[in-house]
Structure formats: C-alpha cells, structure tokens
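Data block below; observations after.
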Amino acid sequence: MLALTLAVALPGMALAAPAALPAGHDSLEQRIKACTACHAQKERHDAFFPRIAGKPAGYLYNQLLNFREGRRQYPMMNYMVEHLPDDYLREIAEYFAAQHAAPPPAQPSSAGTTALARGKQLVLQGDASKKIPACIACHGQQLAGVAPAIPGLLGLPRDYINAQLGAWKNAIRRAHAPDCMAQVAQRLSDADVGAVSAWLGTQVASTDARPASSITLPLPLHCGGVPGSSAQVAP
C-alpha cells in the first residue's frame with residue numbers, strides 16, 4: 001500500500017444491503033473477523049497482507065472501494081467486498097484507522113549500500129532528473145501518512161511495497177484518475193523499485209507516529225483522490 005490515497009470519501013456504486021442476519025451476527029466485531037484473519041495486528045512482514053491498523057480512514061475506505069469496483073485485483077478481497085454497501089466499508093475503515101499497534105521491527109535487508117542509499121534518496125529527496133518527487137512530499141515527513149487519505153509507508157512488508165509498485169508499473173493496480181502513483185511508478189526503474197522498498201523496510205516508525213493532519217499543497221503531482229492537489233511536476 002505506497003503514495004498512496006486519498007481524500008474525502010468518494011461516491012461508490014449504490015448496492016443493495018445484504019439480507020438481514022440474526023441478532024448479534026451482523027455486529028462490527030463479526031464484520032472485521034474476515035479482515036483480522038489475514039491483517040493480524042501482529043506484524044508478519046507478509047507480502048500479501050499489509051499492515052492496515054492506523055492508516056487514515058479515507059485511504060482504507062478508498063481501497064475497499066477500489067477492490068469492490070475492480071481498480072485493484074486480489075480475488076479474496078474482490079470477493080469479500082463485492083456486495084458490501086458504502087456504509088459497511090466506511091465503518092470497517094474507521095475501525096482499523098483507530099487501531100495503533102506497536103510498530104514492527106526493521107526488516108533485514110540483503111540490498112547493498114548503493115541500493116539502500118538510492119532508496120533513501122528517492123524517499124527523502126526524489127530525483128528531479130527523472131521527475132520523481134520525494135515520497136515524503138506526499139506521505140509526510142515521518143512517512144506516517146496524511147489524513148484523511150494518504151497512507152503511511154513504514155511498517156509495511158518490503159515485498160508488499162515492491163509488489164504494489166510493480167502492480168502500478170504494469171497497470172494492474174489503479175486508483176482514481178489522475179492516478180499519481182501510476183505516474184511515479186512508471187518513472188521508477190526496476191532497480192529503483194527495489195531500492196525504495198528495501199530502504200523503507202529497514203526503517204521503523206516511532207511509537208507515537210500518527211498520520212499528519214495536513215500537508216503542504218499543492219502536491220508534486222495531481223492525485224485524483226486528493227482535493228486541492230495540482231501538478232507541479234509535468235506528467
């Protein structure tokens with residue numbers, strides 16, 4: 001889950017509510033059981049199941065919409081949310097946004113010093129020659145994300161970050177247009193993707209890190225889910 005996300009809740013498709021369930025079987029606790037079966041609070045550095053606790057509610061809600069409406073493809077997620085109405089998705093997103101488990105430890109890396117230095121440069125400074133903005137320009141100085149809908153980047157499995165950047169590069173993952181993360185990913189070489197994911201994996205968030213409440217606008221790129229953003233870097 002990288003720069004990714006955004007804004008106020010976007011209108012989704014109007015779906016019929018699921019059939020009524022017996023009392024006690026349609027509580028929030030029941031609804032999130034399917035989520036916590038994979039997105040456990042204890043960090044497992046799993047390439048398929050990222051840490052979602054503490055991410056901005058707007059980001060989580062938008063990703064649930066993306067899975068429901070086919071902009072993101074992962075069969076288990078697509079199936080689980082395909083018939084859930086917007087209110088259910090918002091409730092689930094708000095629940096996980098309010099959870100703040102202790103940050104996971106750093107992940108060991110076999111990347112060399114050159115690759116890690118390149119990853120650090122891209123995250124903190126970007127690369128003007130390739131029109132790649134720094135990750136912190138959108139994801140916040142602490143890389144903890146920005147409310148309401150830009151996610152944090154620390155505490156995510158290295159392989160997950162690598163896979164998501166690859167999915168954007170190959171147009172498998174999409175977001176609301178204009179898709180700023182797709183633009184960034186296209187400008188990254190495969191080596192850059194590996195360097196960014198490796199360096200981020202070696203970093204640990206502070207225990208009190210929370211999504212920032214605001215960020216300097218305009219953002220470096222116009223992101224479809226972020227109101228008020230406008231492009232400063234040519235697409």
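For the structure tokens, the naming scheme is as follows: chains receive sequential letters (A, B, ...) according to their order of presentation, residues are indexed from 1 within each chain, and ligands are indexed from 1 in presentation order.
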Residue contacts of Glu82 in chain A (10 Å, only C-alpha atoms) excluding same-chain residues fewer than 4 positions away, as a ChimeraX atom specification = /A:15,64-65,67-70,77-78
For the residues in the current selection, export all heavy atoms as a PDB file, in the first residue's frame.
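Dumped everything to out-v9.pdb:
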```pdb
ATOM      1  N   LEU A  15     -25.392  -0.094  -3.761  1.00  0.00           N
ATOM      2  CA  LEU A  15     -25.615  -1.529  -3.717  1.00  0.00           C
ATOM      3  C   LEU A  15     -26.684  -1.855  -2.684  1.00  0.00           C
ATOM      4  O   LEU A  15     -26.810  -1.188  -1.662  1.00  0.00           O
ATOM      5  CB  LEU A  15     -24.322  -2.267  -3.339  1.00  0.00           C
ATOM      6  CG  LEU A  15     -23.165  -2.098  -4.329  1.00  0.00           C
ATOM      7  CD1 LEU A  15     -21.949  -2.828  -3.794  1.00  0.00           C
ATOM      8  CD2 LEU A  15     -23.551  -2.631  -5.694  1.00  0.00           C
ATOM      9  N   LEU A  64     -10.992  -0.130  -0.212  1.00  0.00           N
ATOM     10  CA  LEU A  64     -12.124  -1.061  -0.239  1.00  0.00           C
ATOM     11  C   LEU A  64     -13.002  -0.796  -1.456  1.00  0.00           C
ATOM     12  O   LEU A  64     -13.477  -1.728  -2.116  1.00  0.00           O
ATOM     13  CB  LEU A  64     -12.928  -0.954   1.059  1.00  0.00           C
ATOM     14  CG  LEU A  64     -12.212  -1.479   2.310  1.00  0.00           C
ATOM     15  CD1 LEU A  64     -12.995  -1.102   3.569  1.00  0.00           C
ATOM     16  CD2 LEU A  64     -12.023  -2.987   2.239  1.00  0.00           C
ATOM     17  N   LEU A  65     -13.219   0.480  -1.766  1.00  0.00           N
ATOM     18  CA  LEU A  65     -13.962   0.818  -2.983  1.00  0.00           C
ATOM     19  C   LEU A  65     -13.221   0.317  -4.220  1.00  0.00           C
ATOM     20  O   LEU A  65     -13.837  -0.216  -5.158  1.00  0.00           O
ATOM     21  CB  LEU A  65     -14.151   2.329  -3.094  1.00  0.00           C
ATOM     22  CG  LEU A  65     -15.177   3.011  -2.188  1.00  0.00           C
ATOM     23  CD1 LEU A  65     -15.231   4.503  -2.498  1.00  0.00           C
ATOM     24  CD2 LEU A  65     -16.564   2.396  -2.331  1.00  0.00           C
ATOM     25  N   PHE A  67     -11.203  -2.191  -4.525  1.00  0.00           N
ATOM     26  CA  PHE A  67     -11.383  -3.638  -4.656  1.00  0.00           C
ATOM     27  C   PHE A  67     -12.798  -3.962  -5.115  1.00  0.00           C
ATOM     28  O   PHE A  67     -12.998  -4.826  -5.971  1.00  0.00           O
ATOM     29  CB  PHE A  67     -11.093  -4.333  -3.321  1.00  0.00           C
ATOM     30  CG  PHE A  67      -9.638  -4.540  -3.037  1.00  0.00           C
ATOM     31  CD1 PHE A  67      -9.034  -3.919  -1.945  1.00  0.00           C
ATOM     32  CD2 PHE A  67      -8.859  -5.359  -3.842  1.00  0.00           C
ATOM     33  CE1 PHE A  67      -7.687  -4.108  -1.670  1.00  0.00           C
ATOM     34  CE2 PHE A  67      -7.511  -5.556  -3.576  1.00  0.00           C
ATOM     35  CZ  PHE A  67      -6.922  -4.932  -2.487  1.00  0.00           C
ATOM     36  N   ARG A  68     -13.779  -3.295  -4.546  1.00  0.00           N
ATOM     37  CA  ARG A  68     -15.169  -3.589  -4.899  1.00  0.00           C
ATOM     38  C   ARG A  68     -15.468  -3.258  -6.363  1.00  0.00           C
ATOM     39  O   ARG A  68     -16.237  -3.956  -7.026  1.00  0.00           O
ATOM     40  CB  ARG A  68     -16.124  -2.810  -3.987  1.00  0.00           C
ATOM     41  CG  ARG A  68     -17.575  -3.288  -4.059  1.00  0.00           C
ATOM     42  CD  ARG A  68     -18.480  -2.409  -3.237  1.00  0.00           C
ATOM     43  NE  ARG A  68     -18.663  -1.095  -3.851  1.00  0.00           N
ATOM     44  CZ  ARG A  68     -19.319  -0.088  -3.258  1.00  0.00           C
ATOM     45  NH1 ARG A  68     -19.815  -0.251  -2.045  1.00  0.00           N
ATOM     46  NH2 ARG A  68     -19.451   1.069  -3.872  1.00  0.00           N
ATOM     47  N   GLU A  69     -14.837  -2.204  -6.862  1.00  0.00           N
ATOM     48  CA  GLU A  69     -15.163  -1.722  -8.200  1.00  0.00           C
ATOM     49  C   GLU A  69     -14.126  -2.114  -9.247  1.00  0.00           C
ATOM     50  O   GLU A  69     -14.190  -1.671 -10.389  1.00  0.00           O
ATOM     51  CB  GLU A  69     -15.369  -0.210  -8.145  1.00  0.00           C
ATOM     52  CG  GLU A  69     -16.561   0.136  -7.248  1.00  0.00           C
ATOM     53  CD  GLU A  69     -16.679   1.618  -6.915  1.00  0.00           C
ATOM     54  OE1 GLU A  69     -15.947   2.442  -7.512  1.00  0.00           O
ATOM     55  OE2 GLU A  69     -17.512   1.943  -6.052  1.00  0.00           O
ATOM     56  N   GLY A  70     -13.148  -2.953  -8.849  1.00  0.00           N
ATOM     57  CA  GLY A  70     -12.261  -3.556  -9.828  1.00  0.00           C
ATOM     58  C   GLY A  70     -11.010  -2.790 -10.179  1.00  0.00           C
ATOM     59  O   GLY A  70     -10.252  -3.218 -11.067  1.00  0.00           O
ATOM     60  N   MET A  77     -10.005 -10.396  -1.766  1.00  0.00           N
ATOM     61  CA  MET A  77     -10.569  -9.099  -1.385  1.00  0.00           C
ATOM     62  C   MET A  77     -11.743  -8.718  -2.289  1.00  0.00           C
ATOM     63  O   MET A  77     -12.769  -8.216  -1.810  1.00  0.00           O
ATOM     64  CB  MET A  77      -9.486  -8.025  -1.456  1.00  0.00           C
ATOM     65  CG  MET A  77      -8.496  -8.056  -0.311  1.00  0.00           C
ATOM     66  SD  MET A  77      -9.277  -7.701   1.287  1.00  0.00           S
ATOM     67  CE  MET A  77     -10.010  -6.085   0.978  1.00  0.00           C
ATOM     68  N   ASN A  78     -11.606  -8.947  -3.592  1.00  0.00           N
ATOM     69  CA  ASN A  78     -12.693  -8.622  -4.507  1.00  0.00           C
ATOM     70  C   ASN A  78     -13.975  -9.363  -4.116  1.00  0.00           C
ATOM     71  O   ASN A  78     -15.070  -8.787  -4.105  1.00  0.00           O
ATOM     72  CB  ASN A  78     -12.315  -8.974  -5.952  1.00  0.00           C
ATOM     73  CG  ASN A  78     -11.099  -8.214  -6.447  1.00  0.00           C
ATOM     74  OD1 ASN A  78     -10.144  -8.823  -6.912  1.00  0.00           O
ATOM     75  ND2 ASN A  78     -11.094  -6.892  -6.360  1.00  0.00           N
TER      76      ASN A  78
END
```
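Of the listed residues (A:Ala198, A:Val146, A:Cys223, A:Cys35), A:Ala198 comes nearest to Gly112 in chain A; the distances count only C-alpha atoms.
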From the DSSP assignment of the backbone, select every residue of range 73-173 of chain A that is alpha helix (DSSP H), and format the answer as an NGL selection string.
-> :A and (75-81 or 86-97 or 113-124 or 136-139 or 158-169)
Would you list, as JSON, numbers by chain, the residues of chain A that end up in strand (DSSP E or B) under DSSP run on this structure's backbone?
-> {"A": [127, 132, 146, 150, 212]}
Output N, CA and C atoms for every residue in that selection, as an mmCIF file, in the first residue's frame.
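Wrote it out as result24.cif, contents follow:
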```cif
data_model
loop_
_atom_site.group_PDB
_atom_site.id
_atom_site.type_symbol
_atom_site.label_atom_id
_atom_site.label_comp_id
_atom_site.auth_asym_id
_atom_site.auth_seq_id
_atom_site.Cartn_x
_atom_site.Cartn_y
_atom_site.Cartn_z
ATOM 1 N N ASP A 127 14.071 12.416 -7.317
ATOM 2 C CA ASP A 127 15.074 12.505 -8.373
ATOM 3 C C ASP A 127 14.534 13.455 -9.436
ATOM 4 N N ILE A 132 10.794 12.514 -10.454
ATOM 5 C CA ILE A 132 10.251 11.677 -9.391
ATOM 6 C C ILE A 132 10.245 12.488 -8.106
ATOM 7 N N VAL A 146 -0.964 11.013 5.754
ATOM 8 C CA VAL A 146 -1.636 12.284 5.990
ATOM 9 C C VAL A 146 -3.141 12.052 5.923
ATOM 10 N N ILE A 150 -4.010 9.761 2.734
ATOM 11 C CA ILE A 150 -2.698 9.374 2.209
ATOM 12 C C ILE A 150 -2.061 8.414 3.212
ATOM 13 N N ALA A 212 -0.309 12.689 9.680
ATOM 14 C CA ALA A 212 -0.358 14.138 9.856
ATOM 15 C C ALA A 212 -1.755 14.646 9.550
#
```
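Considering only C-alpha atoms, the residue among A:Met181, A:Leu60, A:Ala37, A:Ala111 positioned nearest to Ser197 in chain A is A:Ala111.
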Selection near Ala177 in chain A, 10 Å with only C-alpha atoms, sequence-local residues under 6 positions removed, as JSON, numbers by chain | {"A": [222, 223, 224, 225]}
Selection file, N, CA, C and O atoms, as a CSV table (one decimal), in the first residue's frame:
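Printed below is selection33.csv as written:
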```csv
chain,number,residue,atom,x,y,z
A,222,HIS,N,-0.8,15.9,-9.4
A,222,HIS,CA,-2.2,15.9,-9.2
A,222,HIS,C,-2.7,14.5,-9.0
A,222,HIS,O,-2.6,13.6,-9.8
A,223,CYS,N,-3.3,14.3,-7.8
A,223,CYS,CA,-3.8,12.9,-7.4
A,223,CYS,C,-5.3,13.0,-7.4
A,223,CYS,O,-5.9,13.8,-6.7
A,224,GLY,N,-6.0,12.1,-8.1
A,224,GLY,CA,-7.4,12.1,-8.2
A,224,GLY,C,-8.2,12.1,-6.9
A,224,GLY,O,-9.3,12.6,-6.9
A,225,GLY,N,-7.6,11.5,-5.9
A,225,GLY,CA,-8.3,11.4,-4.7
A,225,GLY,C,-8.0,12.5,-3.7
A,225,GLY,O,-8.6,12.4,-2.5
```
Need the shell around Gln121 in chain A: protein/DNA/RNA residues with any atom at most 12 Å away, counting only C-alpha atoms. Skip same-chain ones fewer than 5 positions apart. Format as a PDB file with all heavy atoms, in the first residue's frame?
```pdb
ATOM      1  N   THR A 114      24.837   0.690  -1.893  1.00  0.00           N
ATOM      2  CA  THR A 114      24.485   1.568  -3.013  1.00  0.00           C
ATOM      3  C   THR A 114      22.980   1.596  -3.224  1.00  0.00           C
ATOM      4  O   THR A 114      22.376   2.666  -3.407  1.00  0.00           O
ATOM      5  CB  THR A 114      25.183   1.122  -4.310  1.00  0.00           C
ATOM      6  OG1 THR A 114      26.602   1.175  -4.126  1.00  0.00           O
ATOM      7  CG2 THR A 114      24.791   2.016  -5.472  1.00  0.00           C
ATOM      8  N   ALA A 115      22.363   0.430  -3.185  1.00  0.00           N
ATOM      9  CA  ALA A 115      20.913   0.352  -3.365  1.00  0.00           C
ATOM     10  C   ALA A 115      20.184   1.042  -2.228  1.00  0.00           C
ATOM     11  O   ALA A 115      19.200   1.774  -2.451  1.00  0.00           O
ATOM     12  CB  ALA A 115      20.470  -1.107  -3.471  1.00  0.00           C
ATOM     13  N   LEU A 116      20.636   0.831  -1.002  1.00  0.00           N
ATOM     14  CA  LEU A 116      19.974   1.470   0.134  1.00  0.00           C
ATOM     15  C   LEU A 116      20.125   2.983   0.075  1.00  0.00           C
ATOM     16  O   LEU A 116      19.189   3.722   0.414  1.00  0.00           O
ATOM     17  CB  LEU A 116      20.535   0.921   1.443  1.00  0.00           C
ATOM     18  CG  LEU A 116      20.162  -0.533   1.758  1.00  0.00           C
ATOM     19  CD1 LEU A 116      20.894  -1.008   3.012  1.00  0.00           C
ATOM     20  CD2 LEU A 116      18.652  -0.685   1.940  1.00  0.00           C
ATOM     21  N   GLY A 126      13.744  12.479  -3.706  1.00  0.00           N
ATOM     22  CA  GLY A 126      13.271  12.267  -5.060  1.00  0.00           C
ATOM     23  C   GLY A 126      14.418  12.308  -6.049  1.00  0.00           C
ATOM     24  O   GLY A 126      15.592  12.248  -5.688  1.00  0.00           O
ATOM     25  N   ASP A 127      14.071  12.416  -7.317  1.00  0.00           N
ATOM     26  CA  ASP A 127      15.074  12.505  -8.373  1.00  0.00           C
ATOM     27  C   ASP A 127      14.534  13.455  -9.436  1.00  0.00           C
ATOM     28  O   ASP A 127      13.728  13.067 -10.285  1.00  0.00           O
ATOM     29  CB  ASP A 127      15.336  11.121  -8.975  1.00  0.00           C
ATOM     30  CG  ASP A 127      16.467  11.131 -10.011  1.00  0.00           C
ATOM     31  OD1 ASP A 127      16.786  12.207 -10.547  1.00  0.00           O
ATOM     32  OD2 ASP A 127      17.019  10.040 -10.288  1.00  0.00           O
ATOM     33  N   ALA A 128      14.993  14.700  -9.381  1.00  0.00           N
ATOM     34  CA  ALA A 128      14.481  15.724 -10.301  1.00  0.00           C
ATOM     35  C   ALA A 128      14.771  15.379 -11.755  1.00  0.00           C
ATOM     36  O   ALA A 128      13.983  15.710 -12.642  1.00  0.00           O
ATOM     37  CB  ALA A 128      15.092  17.077  -9.952  1.00  0.00           C
ATOM     38  N   ILE A 132      10.794  12.514 -10.454  1.00  0.00           N
ATOM     39  CA  ILE A 132      10.251  11.677  -9.391  1.00  0.00           C
ATOM     40  C   ILE A 132      10.245  12.488  -8.106  1.00  0.00           C
ATOM     41  O   ILE A 132      11.312  12.858  -7.595  1.00  0.00           O
ATOM     42  CB  ILE A 132      11.102  10.409  -9.185  1.00  0.00           C
ATOM     43  CG1 ILE A 132      11.131   9.564 -10.461  1.00  0.00           C
ATOM     44  CG2 ILE A 132      10.560   9.590  -8.020  1.00  0.00           C
ATOM     45  CD1 ILE A 132      12.109   8.400 -10.402  1.00  0.00           C
ATOM     46  N   PRO A 133       9.068  12.802  -7.556  1.00  0.00           N
ATOM     47  CA  PRO A 133       9.034  13.552  -6.303  1.00  0.00           C
ATOM     48  C   PRO A 133       9.432  12.667  -5.126  1.00  0.00           C
ATOM     49  O   PRO A 133       9.329  11.437  -5.184  1.00  0.00           O
ATOM     50  CB  PRO A 133       7.562  13.974  -6.191  1.00  0.00           C
ATOM     51  CG  PRO A 133       6.818  12.930  -6.956  1.00  0.00           C
ATOM     52  CD  PRO A 133       7.727  12.505  -8.085  1.00  0.00           C
ATOM     53  N   ALA A 134       9.898  13.282  -4.064  1.00  0.00           N
ATOM     54  CA  ALA A 134      10.227  12.537  -2.849  1.00  0.00           C
ATOM     55  C   ALA A 134       8.965  11.938  -2.251  1.00  0.00           C
ATOM     56  O   ALA A 134       7.891  12.556  -2.270  1.00  0.00           O
ATOM     57  CB  ALA A 134      10.891  13.464  -1.835  1.00  0.00           C
ATOM     58  N   CYS A 135       9.084  10.748  -1.700  1.00  0.00           N
ATOM     59  CA  CYS A 135       7.929  10.117  -1.047  1.00  0.00           C
ATOM     60  C   CYS A 135       7.379  10.991   0.076  1.00  0.00           C
ATOM     61  O   CYS A 135       6.166  11.066   0.281  1.00  0.00           O
ATOM     62  CB  CYS A 135       8.314   8.754  -0.500  1.00  0.00           C
ATOM     63  SG  CYS A 135       8.873   7.569  -1.754  1.00  0.00           S
ATOM     64  N   ILE A 136       8.284  11.653   0.813  1.00  0.00           N
ATOM     65  CA  ILE A 136       7.830  12.454   1.950  1.00  0.00           C
ATOM     66  C   ILE A 136       7.019  13.665   1.517  1.00  0.00           C
ATOM     67  O   ILE A 136       6.297  14.244   2.326  1.00  0.00           O
ATOM     68  CB  ILE A 136       9.014  12.914   2.830  1.00  0.00           C
ATOM     69  CG1 ILE A 136       9.991  13.777   2.022  1.00  0.00           C
ATOM     70  CG2 ILE A 136       9.709  11.726   3.468  1.00  0.00           C
ATOM     71  CD1 ILE A 136      11.079  14.414   2.872  1.00  0.00           C
ATOM     72  N   ASP A 192      15.160   0.962  -9.033  1.00  0.00           N
ATOM     73  CA  ASP A 192      14.643   1.985  -8.121  1.00  0.00           C
ATOM     74  C   ASP A 192      13.555   1.410  -7.219  1.00  0.00           C
ATOM     75  O   ASP A 192      13.503   1.701  -6.016  1.00  0.00           O
ATOM     76  CB  ASP A 192      14.066   3.165  -8.905  1.00  0.00           C
ATOM     77  CG  ASP A 192      15.142   4.040  -9.541  1.00  0.00           C
ATOM     78  OD1 ASP A 192      16.305   3.972  -9.105  1.00  0.00           O
ATOM     79  OD2 ASP A 192      14.794   4.806 -10.470  1.00  0.00           O
ATOM     80  N   ALA A 195      15.153  -0.578  -4.597  1.00  0.00           N
ATOM     81  CA  ALA A 195      15.884   0.265  -3.653  1.00  0.00           C
ATOM     82  C   ALA A 195      14.929   0.937  -2.672  1.00  0.00           C
ATOM     83  O   ALA A 195      15.186   0.981  -1.460  1.00  0.00           O
ATOM     84  CB  ALA A 195      16.689   1.318  -4.412  1.00  0.00           C
ATOM     85  N   VAL A 196      13.826   1.479  -3.173  1.00  0.00           N
ATOM     86  CA  VAL A 196      12.848   2.146  -2.306  1.00  0.00           C
ATOM     87  C   VAL A 196      12.262   1.160  -1.301  1.00  0.00           C
ATOM     88  O   VAL A 196      12.188   1.434  -0.093  1.00  0.00           O
ATOM     89  CB  VAL A 196      11.731   2.791  -3.145  1.00  0.00           C
ATOM     90  CG1 VAL A 196      10.559   3.204  -2.249  1.00  0.00           C
ATOM     91  CG2 VAL A 196      12.265   4.003  -3.894  1.00  0.00           C
ATOM     92  N   TRP A 199      14.926   0.127   1.375  1.00  0.00           N
ATOM     93  CA  TRP A 199      15.223   1.144   2.386  1.00  0.00           C
ATOM     94  C   TRP A 199      14.052   1.344   3.334  1.00  0.00           C
ATOM     95  O   TRP A 199      14.240   1.428   4.563  1.00  0.00           O
ATOM     96  CB  TRP A 199      15.597   2.470   1.730  1.00  0.00           C
ATOM     97  CG  TRP A 199      16.087   3.469   2.748  1.00  0.00           C
ATOM     98  CD1 TRP A 199      17.347   3.541   3.286  1.00  0.00           C
ATOM     99  CD2 TRP A 199      15.321   4.497   3.386  1.00  0.00           C
ATOM    100  NE1 TRP A 199      17.416   4.558   4.214  1.00  0.00           N
ATOM    101  CE2 TRP A 199      16.186   5.163   4.291  1.00  0.00           C
ATOM    102  CE3 TRP A 199      14.000   4.924   3.275  1.00  0.00           C
ATOM    103  CZ2 TRP A 199      15.759   6.227   5.089  1.00  0.00           C
ATOM    104  CZ3 TRP A 199      13.571   5.989   4.061  1.00  0.00           C
ATOM    105  CH2 TRP A 199      14.447   6.627   4.957  1.00  0.00           C
ATOM    106  N   LEU A 200      12.839   1.411   2.798  1.00  0.00           N
ATOM    107  CA  LEU A 200      11.672   1.573   3.667  1.00  0.00           C
ATOM    108  C   LEU A 200      11.554   0.414   4.652  1.00  0.00           C
ATOM    109  O   LEU A 200      11.179   0.603   5.812  1.00  0.00           O
ATOM    110  CB  LEU A 200      10.396   1.686   2.836  1.00  0.00           C
ATOM    111  CG  LEU A 200      10.188   3.009   2.095  1.00  0.00           C
ATOM    112  CD1 LEU A 200       8.995   2.900   1.143  1.00  0.00           C
ATOM    113  CD2 LEU A 200       9.971   4.164   3.078  1.00  0.00           C
TER     114      LEU A 200
END
```
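Restricting the calculation to only C-alpha atoms, the smallest distance between Ala147 in chain A and any of A:Ser27, A:Ser189, A:Asn162, A:Ser213 is found for A:Ser213.
Neighbours of Thr202 in chain A closer than or equal to 12 Å, with only C-alpha atoms counted and sequence neighbours fewer than 6 positions away skipped, come out as His45, Pro104, Pro105, Ala106, Gln107, Pro108, Ser109, Ser110, Ala111, Leu116, Ala117, Gly119, Lys120, Leu153, Leu154, Gly155, Leu156, Pro157, Arg158, Ala195 and Val196 of chain A.
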Just N, CA, C and O atoms for this one: save the residues we selected as a PDB file, in the first residue's frame.
```pdb
ATOM      1  N   HIS A  45       5.253  -9.302   8.250  1.00  0.00           N
ATOM      2  CA  HIS A  45       6.022  -8.966   7.047  1.00  0.00           C
ATOM      3  C   HIS A  45       5.575  -9.820   5.864  1.00  0.00           C
ATOM      4  O   HIS A  45       6.387 -10.343   5.103  1.00  0.00           O
ATOM      5  N   PRO A 104       6.205  -2.514  13.980  1.00  0.00           N
ATOM      6  CA  PRO A 104       7.012  -3.732  13.839  1.00  0.00           C
ATOM      7  C   PRO A 104       8.486  -3.402  13.762  1.00  0.00           C
ATOM      8  O   PRO A 104       8.873  -2.266  13.475  1.00  0.00           O
ATOM      9  N   PRO A 105       9.346  -4.381  14.001  1.00  0.00           N
ATOM     10  CA  PRO A 105      10.788  -4.139  13.917  1.00  0.00           C
ATOM     11  C   PRO A 105      11.229  -3.958  12.469  1.00  0.00           C
ATOM     12  O   PRO A 105      10.489  -4.253  11.527  1.00  0.00           O
ATOM     13  N   ALA A 106      12.456  -3.474  12.303  1.00  0.00           N
ATOM     14  CA  ALA A 106      13.023  -3.329  10.962  1.00  0.00           C
ATOM     15  C   ALA A 106      13.182  -4.701  10.321  1.00  0.00           C
ATOM     16  O   ALA A 106      13.376  -5.715  11.003  1.00  0.00           O
ATOM     17  N   GLN A 107      13.106  -4.727   9.010  1.00  0.00           N
ATOM     18  CA  GLN A 107      13.290  -5.968   8.275  1.00  0.00           C
ATOM     19  C   GLN A 107      14.744  -6.068   7.816  1.00  0.00           C
ATOM     20  O   GLN A 107      15.301  -5.093   7.302  1.00  0.00           O
ATOM     21  N   PRO A 108      15.360  -7.199   7.980  1.00  0.00           N
ATOM     22  CA  PRO A 108      16.729  -7.353   7.492  1.00  0.00           C
ATOM     23  C   PRO A 108      16.756  -7.209   5.977  1.00  0.00           C
ATOM     24  O   PRO A 108      15.792  -7.558   5.286  1.00  0.00           O
ATOM     25  N   SER A 109      17.833  -6.670   5.452  1.00  0.00           N
ATOM     26  CA  SER A 109      17.929  -6.444   4.016  1.00  0.00           C
ATOM     27  C   SER A 109      19.255  -6.952   3.479  1.00  0.00           C
ATOM     28  O   SER A 109      20.305  -6.767   4.098  1.00  0.00           O
ATOM     29  N   SER A 110      19.184  -7.596   2.327  1.00  0.00           N
ATOM     30  CA  SER A 110      20.396  -8.053   1.660  1.00  0.00           C
ATOM     31  C   SER A 110      20.837  -7.071   0.581  1.00  0.00           C
ATOM     32  O   SER A 110      21.819  -7.322  -0.120  1.00  0.00           O
ATOM     33  N   ALA A 111      20.086  -5.952   0.460  1.00  0.00           N
ATOM     34  CA  ALA A 111      20.453  -4.935  -0.530  1.00  0.00           C
ATOM     35  C   ALA A 111      21.794  -4.318  -0.135  1.00  0.00           C
ATOM     36  O   ALA A 111      22.096  -4.119   1.046  1.00  0.00           O
ATOM     37  N   LEU A 116      20.636   0.831  -1.002  1.00  0.00           N
ATOM     38  CA  LEU A 116      19.974   1.470   0.134  1.00  0.00           C
ATOM     39  C   LEU A 116      20.125   2.983   0.075  1.00  0.00           C
ATOM     40  O   LEU A 116      19.189   3.722   0.414  1.00  0.00           O
ATOM     41  N   ALA A 117      21.283   3.454  -0.361  1.00  0.00           N
ATOM     42  CA  ALA A 117      21.489   4.899  -0.493  1.00  0.00           C
ATOM     43  C   ALA A 117      20.557   5.472  -1.564  1.00  0.00           C
ATOM     44  O   ALA A 117      20.004   6.569  -1.409  1.00  0.00           O
ATOM     45  N   GLY A 119      17.651   4.199  -2.448  1.00  0.00           N
ATOM     46  CA  GLY A 119      16.306   4.178  -1.885  1.00  0.00           C
ATOM     47  C   GLY A 119      16.062   5.345  -0.958  1.00  0.00           C
ATOM     48  O   GLY A 119      15.011   5.996  -1.019  1.00  0.00           O
ATOM     49  N   LYS A 120      17.035   5.631  -0.101  1.00  0.00           N
ATOM     50  CA  LYS A 120      16.909   6.767   0.817  1.00  0.00           C
ATOM     51  C   LYS A 120      16.780   8.074   0.046  1.00  0.00           C
ATOM     52  O   LYS A 120      15.968   8.948   0.401  1.00  0.00           O
ATOM     53  N   LEU A 153       3.980   4.769   5.007  1.00  0.00           N
ATOM     54  CA  LEU A 153       4.786   3.795   4.282  1.00  0.00           C
ATOM     55  C   LEU A 153       5.642   2.917   5.191  1.00  0.00           C
ATOM     56  O   LEU A 153       6.193   1.924   4.727  1.00  0.00           O
ATOM     57  N   LEU A 154       5.775   3.292   6.458  1.00  0.00           N
ATOM     58  CA  LEU A 154       6.593   2.493   7.363  1.00  0.00           C
ATOM     59  C   LEU A 154       5.746   1.389   7.996  1.00  0.00           C
ATOM     60  O   LEU A 154       4.557   1.537   8.205  1.00  0.00           O
ATOM     61  N   GLY A 155       6.412   0.277   8.304  1.00  0.00           N
ATOM     62  CA  GLY A 155       5.700  -0.847   8.906  1.00  0.00           C
ATOM     63  C   GLY A 155       5.066  -1.766   7.888  1.00  0.00           C
ATOM     64  O   GLY A 155       4.435  -2.755   8.247  1.00  0.00           O
ATOM     65  N   LEU A 156       5.227  -1.459   6.597  1.00  0.00           N
ATOM     66  CA  LEU A 156       4.714  -2.336   5.548  1.00  0.00           C
ATOM     67  C   LEU A 156       5.779  -3.359   5.168  1.00  0.00           C
ATOM     68  O   LEU A 156       6.974  -3.046   5.164  1.00  0.00           O
ATOM     69  N   PRO A 157       5.382  -4.572   4.821  1.00  0.00           N
ATOM     70  CA  PRO A 157       6.372  -5.554   4.365  1.00  0.00           C
ATOM     71  C   PRO A 157       7.109  -5.050   3.131  1.00  0.00           C
ATOM     72  O   PRO A 157       6.510  -4.496   2.214  1.00  0.00           O
ATOM     73  N   ARG A 158       8.408  -5.236   3.119  1.00  0.00           N
ATOM     74  CA  ARG A 158       9.222  -4.815   1.975  1.00  0.00           C
ATOM     75  C   ARG A 158       8.687  -5.423   0.680  1.00  0.00           C
ATOM     76  O   ARG A 158       8.574  -4.735  -0.350  1.00  0.00           O
ATOM     77  N   ALA A 195      15.153  -0.578  -4.597  1.00  0.00           N
ATOM     78  CA  ALA A 195      15.884   0.265  -3.653  1.00  0.00           C
ATOM     79  C   ALA A 195      14.929   0.937  -2.672  1.00  0.00           C
ATOM     80  O   ALA A 195      15.186   0.981  -1.460  1.00  0.00           O
ATOM     81  N   VAL A 196      13.826   1.479  -3.173  1.00  0.00           N
ATOM     82  CA  VAL A 196      12.848   2.146  -2.306  1.00  0.00           C
ATOM     83  C   VAL A 196      12.262   1.160  -1.301  1.00  0.00           C
ATOM     84  O   VAL A 196      12.188   1.434  -0.093  1.00  0.00           O
TER      85      VAL A 196
END
```
Show which residues sit within 12 Å of Ile215 in chain A, as number ranges by chain. Count only C-alpha atoms, and ignore same-chain residues fewer than 4 positions away.
-> A: 136-150, 211, 219-220, 226-229
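The residue that comes closest to Arg210 in chain A, out of A:Ile172, A:Ala163, A:Ala102, A:Leu124 and on the basis of only C-alpha atoms, is A:Ala102.
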Residue among A:Ala57, A:Gln30, A:Arg71, A:Phe49 lying closest to His176 in chain A, counting only C-alpha atoms | A:Arg71
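Rounded to one decimal, CA of Glu91 in chain A and CA of Glu29 in chain A lie 11.0 Å from each other.
Here the question is which of A:Thr207, A:Ala93, A:Leu28, A:Ala47 gets nearest to Ile161 in chain A using only C-alpha atoms, and that residue is A:Ala47.
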